[in-house]
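The structure file data19.txt is reproduced below (compact mmCIF, C-alpha atoms).
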```txt
# COMPACT_ATOMS: atom_id res chain seq x y z
CA MET A 1 27.24 12.77 36.20
CA SER A 2 30.78 14.03 35.92
CA ALA A 3 31.13 17.79 35.44
CA ALA A 4 33.44 17.06 32.52
CA VAL A 5 30.69 15.38 30.54
CA THR A 6 27.89 17.63 29.36
CA MET A 7 24.24 16.63 29.45
CA LEU A 8 24.19 17.07 25.68
CA ALA A 9 27.04 14.57 25.25
CA ARG A 10 25.20 12.07 27.41
CA ALA A 11 21.97 12.60 25.49
CA GLU A 12 23.69 12.14 22.14
CA ALA A 13 25.34 8.91 23.33
CA TYR A 14 22.02 7.62 24.67
CA LEU A 15 20.17 8.37 21.43
CA ALA A 16 22.92 6.82 19.31
CA GLU A 17 22.72 3.62 21.34
CA ARG A 18 18.94 3.45 21.09
CA ARG A 19 18.99 4.06 17.34
CA ARG A 20 21.52 1.28 16.88
CA LEU A 21 18.90 -0.94 18.48
CA GLY A 22 16.37 0.13 15.85
CA PHE A 23 14.41 2.87 17.61
CA ALA A 24 13.50 5.87 15.41
CA LEU A 25 13.16 8.41 18.27
CA ASN A 26 12.30 11.32 16.01
CA ARG A 27 10.23 13.60 18.22
CA SER A 28 11.39 12.12 21.52
CA GLY A 29 14.99 12.41 20.35
CA SER A 30 14.57 16.07 19.47
CA LEU A 31 13.00 16.81 22.85
CA THR A 32 15.71 14.90 24.71
CA LEU A 33 18.38 16.96 22.96
CA ALA A 34 16.43 20.14 23.66
CA PHE A 35 16.35 19.27 27.35
CA ALA A 36 20.08 18.52 27.39
CA ARG A 37 20.89 21.88 25.80
CA PHE A 38 18.62 23.61 28.30
CA ALA A 39 20.32 21.88 31.22
CA ASP A 40 23.81 22.77 29.97
CA ALA A 41 22.84 26.37 29.20
CA ASN A 42 21.51 26.78 32.72
CA GLY A 43 24.69 25.53 34.36
CA HIS A 44 23.45 22.10 35.39
CA ASP A 45 26.59 20.02 35.78
CA GLY A 46 25.63 17.27 38.24
CA PRO A 47 23.44 14.19 38.04
CA LEU A 48 19.98 14.65 36.59
CA ASN A 49 17.52 15.91 39.17
CA ALA A 50 13.78 16.52 39.31
CA ALA A 51 14.09 20.29 39.57
CA VAL A 52 15.78 20.79 36.19
CA VAL A 53 13.32 18.38 34.51
CA LEU A 54 10.26 20.21 35.85
CA ARG A 55 11.74 23.60 35.02
CA TRP A 56 12.43 22.58 31.42
CA ALA A 57 9.01 20.97 31.04
CA LYS A 58 7.27 24.24 31.92
CA GLU A 59 9.61 27.00 30.73
CA GLU A 60 10.39 25.58 27.30
CA ALA A 61 6.93 24.28 26.43
CA MET A 62 5.11 25.72 23.42
CA TYR A 63 1.77 25.63 25.29
CA ALA A 64 1.36 26.56 28.93
CA ASP A 65 -0.90 23.76 30.11
CA PRO A 66 -0.31 20.81 32.47
CA PHE A 67 -0.99 18.19 29.80
CA THR A 68 1.82 19.54 27.62
CA TRP A 69 4.16 19.66 30.62
CA ALA A 70 3.24 16.10 31.59
CA LYS A 71 4.02 14.81 28.08
CA ARG A 72 7.41 16.50 28.15
CA VAL A 73 8.27 14.92 31.48
CA ASP A 74 7.29 11.48 30.19
CA VAL A 75 9.53 11.86 27.14
CA LEU A 76 12.55 12.07 29.46
CA ARG A 77 11.76 8.97 31.55
CA PRO A 78 13.73 6.49 29.38
CA PHE A 79 16.70 8.89 29.29
CA ALA A 80 16.59 9.19 33.08
CA ARG A 81 16.58 5.40 33.50
CA HIS A 82 19.58 5.22 31.20
CA LEU A 83 21.46 7.82 33.24
CA ALA A 84 20.57 6.11 36.53
CA ASP A 85 22.49 3.00 35.44
CA ASP A 86 25.76 4.96 35.65
CA GLU A 87 24.79 7.74 38.06
CA PRO A 88 23.14 6.51 41.28
CA GLY A 89 22.49 10.15 42.19
CA THR A 90 20.03 10.55 39.30
CA ARG A 91 16.63 11.74 40.48
CA PHE A 92 13.48 12.04 38.38
CA PRO A 93 10.08 13.53 39.30
CA GLU A 94 8.01 10.94 41.14
CA GLY A 95 4.50 10.07 40.09
CA SER A 96 2.69 12.44 37.74
CA PRO A 97 3.46 15.97 38.93
CA PHE A 98 1.40 17.56 36.15
CA GLY A 99 -1.28 14.89 35.87
CA ARG A 100 -1.95 12.52 32.99
CA SER A 101 0.25 12.66 29.91
CA HIS A 102 -1.95 10.56 27.61
CA ARG A 103 -5.39 11.47 26.36
CA ARG A 104 -7.43 11.27 23.17
CA LEU A 105 -9.46 14.38 22.53
CA PRO A 106 -12.37 14.42 20.09
CA PRO A 107 -11.05 15.44 16.66
CA HIS A 108 -12.34 18.18 14.38
CA ILE A 109 -14.32 16.52 11.60
CA TYR A 110 -14.14 18.64 8.48
CA THR A 111 -17.21 19.20 6.38
CA PRO A 112 -16.82 18.56 2.64
CA ALA A 113 -17.05 22.32 2.14
CA GLU A 114 -14.16 22.90 4.55
CA VAL A 115 -11.98 20.36 2.75
CA ASP A 116 -12.78 21.99 -0.58
CA ALA A 117 -11.96 25.41 0.88
CA LEU A 118 -8.59 24.21 2.20
CA VAL A 119 -7.58 22.71 -1.16
CA ALA A 120 -8.75 25.80 -3.05
CA ALA A 121 -6.87 28.11 -0.69
CA ALA A 122 -3.74 25.98 -1.10
CA ARG A 123 -3.88 26.55 -4.84
CA ALA A 124 -3.90 30.32 -4.26
CA LEU A 125 -1.21 30.44 -1.58
CA PRO A 126 1.60 32.95 -2.29
CA THR A 127 4.64 31.40 -3.95
CA GLY A 128 6.80 32.29 -0.96
CA PHE A 129 5.54 29.16 0.76
CA GLY A 130 7.78 26.26 -0.15
CA ALA A 131 5.10 23.62 -0.42
CA GLY A 132 3.91 25.26 -3.64
CA ARG A 133 0.69 25.69 -5.58
CA ALA A 134 0.92 22.30 -7.26
CA THR A 135 2.26 20.24 -4.38
CA LEU A 136 0.29 21.49 -1.37
CA PRO A 137 -3.26 21.11 -2.75
CA THR A 138 -2.39 17.63 -4.04
CA LEU A 139 -0.95 16.65 -0.67
CA LEU A 140 -3.96 17.91 1.29
CA ALA A 141 -6.42 16.28 -1.10
CA LEU A 142 -4.56 12.97 -0.85
CA LEU A 143 -4.67 13.09 2.95
CA ALA A 144 -8.41 13.76 2.84
CA ALA A 145 -9.05 11.03 0.28
CA THR A 146 -7.00 8.26 1.89
CA GLY A 147 -6.59 9.05 5.59
CA LEU A 148 -2.81 8.78 5.33
CA ARG A 149 -0.71 10.15 8.15
CA ILE A 150 1.18 13.28 7.08
CA SER A 151 4.46 11.48 7.85
CA GLU A 152 3.47 8.64 5.52
CA ALA A 153 2.60 11.01 2.70
CA LEU A 154 5.85 12.95 3.01
CA ARG A 155 7.88 9.73 2.86
CA LEU A 156 6.25 8.61 -0.38
CA ARG A 157 8.53 8.03 -3.36
CA CYS A 158 7.45 8.11 -6.99
CA GLY A 159 8.06 4.35 -7.10
CA ASP A 160 5.42 3.84 -4.40
CA LEU A 161 2.76 4.61 -7.00
CA ASP A 162 1.81 1.86 -9.41
CA ASP A 163 1.75 2.69 -13.11
CA ALA A 164 -1.96 3.54 -13.31
CA PRO A 165 -1.72 5.03 -10.56
CA THR A 166 -4.46 3.21 -8.68
CA GLN A 167 -2.58 2.08 -5.60
CA LEU A 168 0.00 3.38 -3.14
CA THR A 169 2.56 1.34 -1.22
CA ILE A 170 3.07 2.77 2.26
CA ARG A 171 6.47 1.71 3.57
CA HIS A 172 7.96 2.06 7.05
CA SER A 173 4.77 3.42 8.56
CA LYS A 174 4.31 4.45 12.18
CA PHE A 175 4.88 0.88 13.35
CA GLN A 176 7.42 0.01 10.63
CA ARG A 177 4.77 -1.89 8.68
CA THR A 178 4.09 -1.86 4.94
CA ARG A 179 0.57 -1.78 3.51
CA MET A 180 -1.15 -1.25 0.18
CA VAL A 181 -3.62 1.61 -0.16
CA PRO A 182 -6.01 1.45 -3.14
CA LEU A 183 -7.01 4.85 -4.53
CA HIS A 184 -10.41 6.13 -5.54
CA PRO A 185 -10.57 6.89 -9.30
CA THR A 186 -10.82 10.63 -8.58
CA ALA A 187 -7.63 10.45 -6.52
CA SER A 188 -5.90 8.61 -9.36
CA VAL A 189 -6.87 11.34 -11.82
CA ALA A 190 -5.58 14.05 -9.47
CA LEU A 191 -2.27 12.23 -8.94
CA ARG A 192 -1.76 11.78 -12.66
CA ALA A 193 -2.26 15.52 -13.14
CA TYR A 194 0.18 16.26 -10.33
CA LEU A 195 2.80 13.89 -11.74
CA ARG A 196 2.76 15.81 -15.02
CA LYS A 197 3.54 19.01 -13.12
CA ARG A 198 5.92 17.17 -10.83
CA ALA A 199 8.03 16.07 -13.81
CA ARG A 200 8.91 19.72 -14.44
CA LEU A 201 10.19 20.13 -10.89
CA GLY A 202 12.70 17.28 -10.83
CA SER A 203 13.36 13.59 -11.36
CA VAL A 204 10.41 11.21 -11.15
CA GLY A 205 12.57 8.12 -10.80
CA PRO A 206 11.40 5.38 -8.40
CA ALA A 207 13.52 6.68 -5.51
CA ALA A 208 12.61 10.35 -6.02
CA PRO A 209 10.34 11.99 -3.40
CA LEU A 210 6.77 12.25 -4.61
CA PHE A 211 6.18 15.61 -2.97
CA LEU A 212 8.77 18.33 -3.56
CA ASP A 213 9.37 21.73 -2.02
CA GLU A 214 8.75 23.88 -5.08
CA ARG A 215 11.33 26.49 -4.05
CA SER A 216 14.28 24.21 -3.34
CA GLY A 217 13.37 21.20 -5.49
CA GLU A 218 14.15 18.97 -2.50
CA ALA A 219 11.88 16.61 -0.60
CA LEU A 220 9.01 18.45 1.05
CA ARG A 221 9.43 18.62 4.82
CA TYR A 222 6.83 18.86 7.54
CA GLY A 223 8.01 22.30 8.62
CA ALA A 224 7.16 23.80 5.23
CA VAL A 225 3.75 22.10 5.21
CA ARG A 226 3.01 23.32 8.72
CA ARG A 227 3.90 26.94 7.86
CA ALA A 228 1.59 26.79 4.87
CA TRP A 229 -1.13 25.12 6.94
CA LEU A 230 -1.04 27.82 9.60
CA ARG A 231 -1.41 30.47 6.90
CA LEU A 232 -4.32 28.64 5.26
CA THR A 233 -6.26 28.02 8.45
CA ALA A 234 -5.72 31.59 9.66
CA ASP A 235 -7.08 32.94 6.38
CA LEU A 236 -10.09 30.60 6.34
CA ARG A 237 -10.90 31.07 10.03
CA ILE A 238 -12.32 27.59 10.47
CA LEU A 239 -13.35 27.25 14.11
CA PRO A 240 -12.33 23.98 15.83
CA ARG A 241 -15.25 21.76 16.77
CA GLY A 242 -13.25 19.04 18.52
CA GLY A 243 -11.33 18.97 21.77
CA HIS A 244 -8.23 20.74 20.43
CA ARG A 245 -7.74 24.48 20.44
CA PHE A 246 -6.95 24.61 16.74
CA ILE A 247 -7.67 22.54 13.64
CA ARG A 248 -4.90 20.16 12.68
CA ILE A 249 -3.60 18.46 9.56
CA HIS A 250 -4.05 15.14 11.34
CA ASP A 251 -7.79 15.83 11.56
CA LEU A 252 -7.98 15.11 7.83
CA ARG A 253 -7.16 11.49 8.74
CA HIS A 254 -9.81 11.49 11.47
CA THR A 255 -12.31 12.94 9.01
CA PHE A 256 -11.63 10.25 6.43
CA ILE A 257 -12.22 7.48 8.98
CA CYS A 258 -15.38 9.04 10.40
CA ARG A 259 -16.91 9.83 7.01
CA ARG A 260 -16.31 6.26 5.86
CA LEU A 261 -18.02 4.91 8.99
CA MET A 262 -20.97 7.25 8.50
CA ILE A 263 -21.35 6.11 4.88
CA TRP A 264 -21.32 2.47 5.97
CA GLN A 265 -23.83 3.23 8.70
CA ALA A 266 -26.18 4.86 6.18
CA GLU A 267 -25.77 1.89 3.81
CA GLY A 268 -26.51 -0.66 6.54
CA ALA A 269 -23.12 -2.35 6.15
CA ASP A 270 -21.86 -5.08 8.47
CA ILE A 271 -19.92 -2.73 10.75
CA ASP A 272 -17.72 -5.40 12.35
CA ASN A 273 -16.37 -6.59 9.00
CA ALA A 274 -16.14 -3.02 7.74
CA MET A 275 -14.15 -2.02 10.81
CA LEU A 276 -11.59 -4.72 10.14
CA ALA A 277 -11.15 -3.55 6.55
CA LEU A 278 -10.89 0.10 7.59
CA SER A 279 -8.39 -0.64 10.34
CA THR A 280 -6.16 -2.42 7.82
CA TYR A 281 -6.54 0.34 5.23
CA VAL A 282 -5.49 3.17 7.57
CA GLY A 283 -2.73 1.15 9.24
CA HIS A 284 -4.04 0.92 12.79
CA LEU A 285 -2.04 -1.44 14.97
CA SER A 286 -5.10 -2.42 16.99
CA LEU A 287 -8.73 -2.74 15.95
CA ALA A 288 -9.58 -0.93 19.18
CA ASP A 289 -8.01 2.22 17.71
CA THR A 290 -10.66 2.16 14.97
CA TYR A 291 -13.54 1.41 17.32
CA TRP A 292 -12.50 4.44 19.39
CA TYR A 293 -14.14 6.70 16.80
CA LEU A 294 -17.58 5.35 17.69
CA GLN A 295 -17.39 6.99 21.10
CA ALA A 296 -15.13 9.93 20.30
CA VAL A 297 -17.20 11.62 17.59
CA PRO A 298 -20.79 12.79 18.24
CA GLU A 299 -21.85 11.93 14.69
CA LEU A 300 -20.99 8.30 15.37
CA MET A 301 -22.46 7.97 18.85
CA ALA A 302 -25.78 6.94 17.32
CA LEU A 303 -24.03 4.01 15.68
CA ALA A 304 -22.51 3.00 19.02
CA GLY A 305 -25.93 3.30 20.65
CA ASP A 306 -27.58 1.16 17.99
CA ARG A 307 -24.89 -1.50 18.43
CA PHE A 308 -25.39 -1.53 22.21
CA GLU A 309 -29.17 -1.72 21.84
CA SER A 310 -28.82 -4.60 19.37
CA PHE A 311 -26.44 -6.39 21.73
CA GLY A 312 -28.86 -5.92 24.63
CA SER A 313 -31.81 -7.22 22.62
CA THR A 314 -29.85 -10.30 21.52
CA THR A 315 -28.72 -11.03 25.08
CA GLU A 316 -32.27 -10.65 26.40
CA ALA A 317 -33.63 -12.99 23.73
CA ARG A 318 -31.09 -15.66 24.65
CA HIS A 319 -31.76 -15.51 28.38
CA GLY A 320 -35.37 -14.40 28.47
```
For the structure just supplied, provide its representation as structure tokens.
Amino acid sequence: MSAAVTMLARAEAYLAERRRLGFALNRSGSLTLAFARFADANGHDGPLNAAVVLRWAKEEAMYADPFTWAKRVDVLRPFARHLADDEPGTRFPEGSPFGRSHRRLPPHIYTPAEVDALVAAARALPTGFGAGRATLPTLLALLAATGLRISEALRLRCGDLDDAPTQLTIRHSKFQRTRMVPLHPTASVALRAYLRKRARLGSVGPAAPLFLDERSGEALRYGAVRRAWLRLTADLRILPRGGHRFIRIHDLRHTFICRRLMIWQAEGADIDNAMLALSTYVGHLSLADTYWYLQAVPELMALAGDRFESFGSTTEARHG
């Protein structure tokens, strides 16, 4: 890399090119820019090398653990390949210096009492938090009732609700797919109540954001939700029961999926057909992503065991 061209300039050009090709690059783009600024600030003016990548991965990480470092290294791999096309001297860490960068830890499955406590605490949160006493409890309850991703919920527009409202249209989801999400009657009632309050905060036209920051009147952003979430969970002192060190907003989605599977198990439903419906409802790209819950959550291991025992009995009967 020429000394006259900063790493940040190269990163910005790379991201602009990728986005023109249709890649969103939200988190990976932010991390790539963060690395470029780090490299420039530390006087790195030559081709990319392994030392600066490893240093950034460890020194600038929020959590000091090898898995976090490994994920940060992996984020930069496409950028490094891009640089190598023009700079033969580009060098990137070989192999997996910090170990695996992909894993799926068991989630925290909230009890109904914990969900109720979170929503109630959101209603009592001090007004200094931008999410607000009307918006935040409605958002958290919707996540728990539908299993939406937080990103999907924050992108909702008022026009994504039908008139009743009994159904949501989820547009431009994680995999740029659109799906319809029917709502339970209790969720419909709660959304109608929120929309009445929402009308006092700003426009409810079809293109208007469904969830507003109650301080600014602008679209609610993840940062505001996260700040409120950290306050709520610290106050409630809910201890994580999964593989993560803290309870997460995303675990509301995991909880919805697992509770639905447990209900079907108790009702004796045809799990294979139910899985297909659930996978479609929550927007999984692969049915395997839904089946993962059978082995990842202790409460569902019995269901996996019953399925294996049934499969073994059927196989034995055929060949016995």
Find, counting only C-alpha atoms, the residue in A:Arg198, A:Trp56, A:Asp40, A:Ile249 that gets nearest to Leu140 in chain A. A:Ile249
Can you build me a table of range 227-267 of chain A residues sitting at most 10 Å from range 150-168 of chain A, with the closest atom pair per residue and its distance in Å to one decimal, using only C-alpha atoms, sorted by chain and residue number, as CSV?
```
residue,atom,partner,partner_atom,distance
A:Ile249,CA,A:Ile150,CA,7.5
A:His250,CA,A:Ile150,CA,7.0
A:Leu252,CA,A:Ile150,CA,9.4
A:Arg253,CA,A:Ile150,CA,8.7
```
Limited to C-alpha atoms, could you put the picked residues into a file as a PDB file, in the frame of the given file?
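Written file, again-v4.pdb:
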```pdb
ATOM      1  CA  ILE A 249      -3.600  18.460   9.560  1.00  0.00           C
ATOM      2  CA  HIS A 250      -4.050  15.140  11.340  1.00  0.00           C
ATOM      3  CA  LEU A 252      -7.980  15.110   7.830  1.00  0.00           C
ATOM      4  CA  ARG A 253      -7.160  11.490   8.740  1.00  0.00           C
TER       5      ARG A 253
END
```
Give me, as a PyMOL selection string, all polymer residues having an atom no more than 12 Å from range 287-293 of chain A, counting all atoms listed in the file and skipping those fewer than 2 positions away in the same chain. chain A and resi 104-109+253-262+271-285+295-304+307
Neighbours of point (17.9, 13.2, 18.5) within 7 Å, using all atoms listed in the file, written as an MDAnalysis selection string: chainID A and resid 12 15 25:26 29:30 32:33
Generate the output file for the selected residues, C-alpha atoms, as a PDB file, keeping the file's coordinate frame.
```
ATOM      1  CA  GLU A  12      23.690  12.140  22.140  1.00  0.00           C
ATOM      2  CA  LEU A  15      20.170   8.370  21.430  1.00  0.00           C
ATOM      3  CA  LEU A  25      13.160   8.410  18.270  1.00  0.00           C
ATOM      4  CA  ASN A  26      12.300  11.320  16.010  1.00  0.00           C
ATOM      5  CA  GLY A  29      14.990  12.410  20.350  1.00  0.00           C
ATOM      6  CA  SER A  30      14.570  16.070  19.470  1.00  0.00           C
ATOM      7  CA  THR A  32      15.710  14.900  24.710  1.00  0.00           C
ATOM      8  CA  LEU A  33      18.380  16.960  22.960  1.00  0.00           C
TER       9      LEU A  33
END
```
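Taking CA of Lys174 in chain A as the reference point, CA of Phe23 in chain A is found at 11.6 Å.
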